[in-house]
Amino acid sequence: MAEVLGSAAALLSRTSPDLPVVLIRPHVLRRRAQGVVAAFPGRVLYAVKCNDDERVLRALHEGGIRAFDVASIGEVRRIRALFGTDVEIAFMHPVKPAAAVAEAYHRHGVRRFALDHVSELEKIVAVTGGARDLELVVRLAVANDGALLALSGKFGAEPEEAVALLRRARPHVRRLGLTFHVGSQCLDPGAFARAIHLAGEVAAAAGGIEHLDVGGGFPARYVGDEPPFEAFVAVVREAVGHGIGAVDLACEPGRLLVADGVSVLVRVEQRRGRRLYLNDGIYGSLAELKWLGPRFPLARVRPEGIDRRAELGYDLFGPTCDSVDSMPGPHWLPADVAAGDWIEVGMAGAYTRTLATRFNGLGEARVVEVADEPWYLVDPAPPVTTEMAAA
Ligand SMILES: *Cc1c(COP(=O)(O)O)cnc(C)c1O
């Protein structure tokens, strides 16, 4: 059974941890899932790669997530083992080993697969024995310029290729669809409008589709200037209403669903002026502090409580010997931070533990559940009553 504590401060008043501590808040994850499922006019698939901790997955399931976007056969097995066959799995990686497609189709009942190249279509058709009940989803290349982390440049068919792929896939499918990814932490709702417009043109040229998956990329609110999910939903509704015909809609948020339900508690090992050397870094749970830049809410935690004074902008350094293991600031904290202090990094549920390595013999963390209302939320979702949750 997982340990459940009141808060980070309560943890520190009881023990002095010797590892970084990951704090999971299942109630926040449940609430976020309920809010996203209620707001989106279609199926919400959680992108498992973002955080695959069992407690996180269970909290999302309790919050109403019944479909999962997976990238590997390992994730297929994990989701089936946790939730059985009453959840939907979509295998959305465009380049899959043949054995993974075969196992997903024949043993785990997966019918929806993404592709962006004709060789993948041939592979899927071959290993499923010419199945005609597939749901094939062609991934379209789209601009990623509204996103902090671009995911273009690796996957996605150009419009003409996508039209050809849709036509070739048609005889094998029960449903045919298009998908795209506008890039992670996308701050521009218009990026979805432009991608949906392009999908509409491709669909029309290919004779129509039945399914549109608008991918992930919806921003978590680290600073507060990120548009809320509702702004993206409004744009998606409007764009779909104007020109793609009647389709089943889906989306695949990762970051949006899990960022605010998890924080990480790290210790300052040494201070040198404005430089803080921590016991965790980019090879552990904090890679995003480098790749997204200094926008994570930070606070000092002591057994007596939280100290949120933002007095001095620090540069942060991780514990490995690699000089890449740095998180340039300004990361705002109290002016008198000292060695031995604990810092809580809020909004740390997305792409944190799943990216941790064992480099330098480090990377381990203790994981606990906490029950508090986190201090760092920009937009706490409205509390959901138990009747609503049960419905
Ligand atoms: C990573 C990924 C997602 C989730 O992206 P977020 O930016 O975390 O929302 C969704 N779909 C696909 C295909 C992905 O690769």
# chains A, B, ... in the order shown; residues from 1 in each chain; ligands from 1
$ residues_near_ligand --ligand "ligand 1" --cutoff "10 Å" --atoms "only C-alpha atoms and all ligand atoms" --output "ChimeraX atom specification"
/A:45-51,68-71,90-94,114,139,147-151,155,179-186,213-220,251-259,350-351
$ select_by_dssp --residues "region 32-269 of chain A" --states "helix (DSSP H, G or I)" --output "PyMOL selection string"
chain A and resi 32-39+48-50+54-62+73-86+98-108+118-127+159-172+190-205+229-241+255-261
$ residues_around --residues "Glu210 (chain A)" --least-positions-apart "3" --cutoff "9 Å" --atoms "only C-alpha atoms" --output "list of chain:residue names"
A:Arg175, A:Leu176, A:Gly177, A:Leu178, A:Gly245, A:Ala246, A:Val247, A:Asp248, A:Leu249
$ closest_residue --among "A:Arg300, A:Arg31, A:Arg275, A:Arg167" --to "Asp315 (chain A)" --atoms "only C-alpha atoms"
A:Arg275
$ select_by_dssp --residues "region 236-268 of chain A" --states "strand (DSSP E)" --output "ChimeraX atom specification"
/A:248-251,262-268
$ atom_distance --atom1 "CA of His197 (chain A)" --atom2 "CA of Pro227 (chain A)"
20.7 Å
$ closest_residue --among "A:Phe113, A:Phe232, A:Trp291, A:Phe83" --to "Pro41 (chain A)" --atoms "only C-alpha atoms"
A:Phe232
$ closest_residue --among "A:Pro330, A:Gly363, A:Pro303, A:Pro171" --to "Thr15 (chain A)" --atoms "only C-alpha atoms"
A:Pro303
$ residues_around --residues "Leu29 (chain A)" --least-positions-apart "5" --cutoff "9 Å" --atoms "only C-alpha atoms" --output "PDB file with N, CA, C and O atoms, in the first residue's frame"
ATOM      1  N   ILE A  24       2.728  12.404  -5.492  1.00  0.00           N
ATOM      2  CA  ILE A  24       1.587  12.204  -6.387  1.00  0.00           C
ATOM      3  C   ILE A  24       0.307  12.583  -5.658  1.00  0.00           C
ATOM      4  O   ILE A  24       0.101  12.186  -4.511  1.00  0.00           O
ATOM      5  N   GLN A  34     -11.527  14.489 -14.989  1.00  0.00           N
ATOM      6  CA  GLN A  34     -12.973  14.750 -15.083  1.00  0.00           C
ATOM      7  C   GLN A  34     -13.244  16.022 -15.866  1.00  0.00           C
ATOM      8  O   GLN A  34     -14.148  16.063 -16.714  1.00  0.00           O
ATOM      9  N   VAL A  56      -0.723   7.080 -11.039  1.00  0.00           N
ATOM     10  CA  VAL A  56      -1.194   8.128 -11.946  1.00  0.00           C
ATOM     11  C   VAL A  56      -2.237   7.554 -12.903  1.00  0.00           C
ATOM     12  O   VAL A  56      -3.318   8.124 -13.102  1.00  0.00           O
ATOM     13  N   ALA A  59      -5.521   6.904 -11.113  1.00  0.00           N
ATOM     14  CA  ALA A  59      -6.265   8.135 -10.789  1.00  0.00           C
ATOM     15  C   ALA A  59      -6.960   8.677 -12.044  1.00  0.00           C
ATOM     16  O   ALA A  59      -8.107   9.128 -11.986  1.00  0.00           O
ATOM     17  N   LEU A  60      -6.278   8.620 -13.189  1.00  0.00           N
ATOM     18  CA  LEU A  60      -6.898   9.094 -14.431  1.00  0.00           C
ATOM     19  C   LEU A  60      -8.091   8.220 -14.792  1.00  0.00           C
ATOM     20  O   LEU A  60      -9.138   8.716 -15.233  1.00  0.00           O
ATOM     21  N   GLY A  63     -10.899   9.100 -12.827  1.00  0.00           N
ATOM     22  CA  GLY A  63     -11.438  10.381 -13.280  1.00  0.00           C
ATOM     23  C   GLY A  63     -12.182  10.280 -14.607  1.00  0.00           C
ATOM     24  O   GLY A  63     -12.630  11.290 -15.139  1.00  0.00           O
ATOM     25  N   LEU A 257      -3.091  16.443 -18.751  1.00  0.00           N
ATOM     26  CA  LEU A 257      -3.772  15.609 -17.757  1.00  0.00           C
ATOM     27  C   LEU A 257      -2.949  15.370 -16.504  1.00  0.00           C
ATOM     28  O   LEU A 257      -3.513  15.143 -15.435  1.00  0.00           O
ATOM     29  N   VAL A 258      -1.624  15.368 -16.633  1.00  0.00           N
ATOM     30  CA  VAL A 258      -0.833  14.920 -15.481  1.00  0.00           C
ATOM     31  C   VAL A 258       0.101  15.957 -14.874  1.00  0.00           C
ATOM     32  O   VAL A 258       0.627  15.743 -13.778  1.00  0.00           O
ATOM     33  N   ALA A 259       0.329  17.081 -15.559  1.00  0.00           N
ATOM     34  CA  ALA A 259       1.344  18.021 -15.058  1.00  0.00           C
ATOM     35  C   ALA A 259       1.045  18.467 -13.631  1.00  0.00           C
ATOM     36  O   ALA A 259       1.923  18.444 -12.765  1.00  0.00           O
ATOM     37  N   ASP A 260      -0.210  18.855 -13.361  1.00  0.00           N
ATOM     38  CA  ASP A 260      -0.440  19.501 -12.067  1.00  0.00           C
ATOM     39  C   ASP A 260      -0.707  18.537 -10.915  1.00  0.00           C
ATOM     40  O   ASP A 260      -0.768  18.956  -9.769  1.00  0.00           O
ATOM     41  N   GLY A 261      -0.795  17.251 -11.203  1.00  0.00           N
ATOM     42  CA  GLY A 261      -1.071  16.287 -10.133  1.00  0.00           C
ATOM     43  C   GLY A 261       0.168  15.742  -9.436  1.00  0.00           C
ATOM     44  O   GLY A 261       0.047  14.917  -8.526  1.00  0.00           O
ATOM     45  N   VAL A 262       1.337  16.190  -9.861  1.00  0.00           N
ATOM     46  CA  VAL A 262       2.581  15.635  -9.310  1.00  0.00           C
ATOM     47  C   VAL A 262       3.583  16.767  -9.089  1.00  0.00           C
ATOM     48  O   VAL A 262       3.679  17.686  -9.901  1.00  0.00           O
TER      49      VAL A 262
END
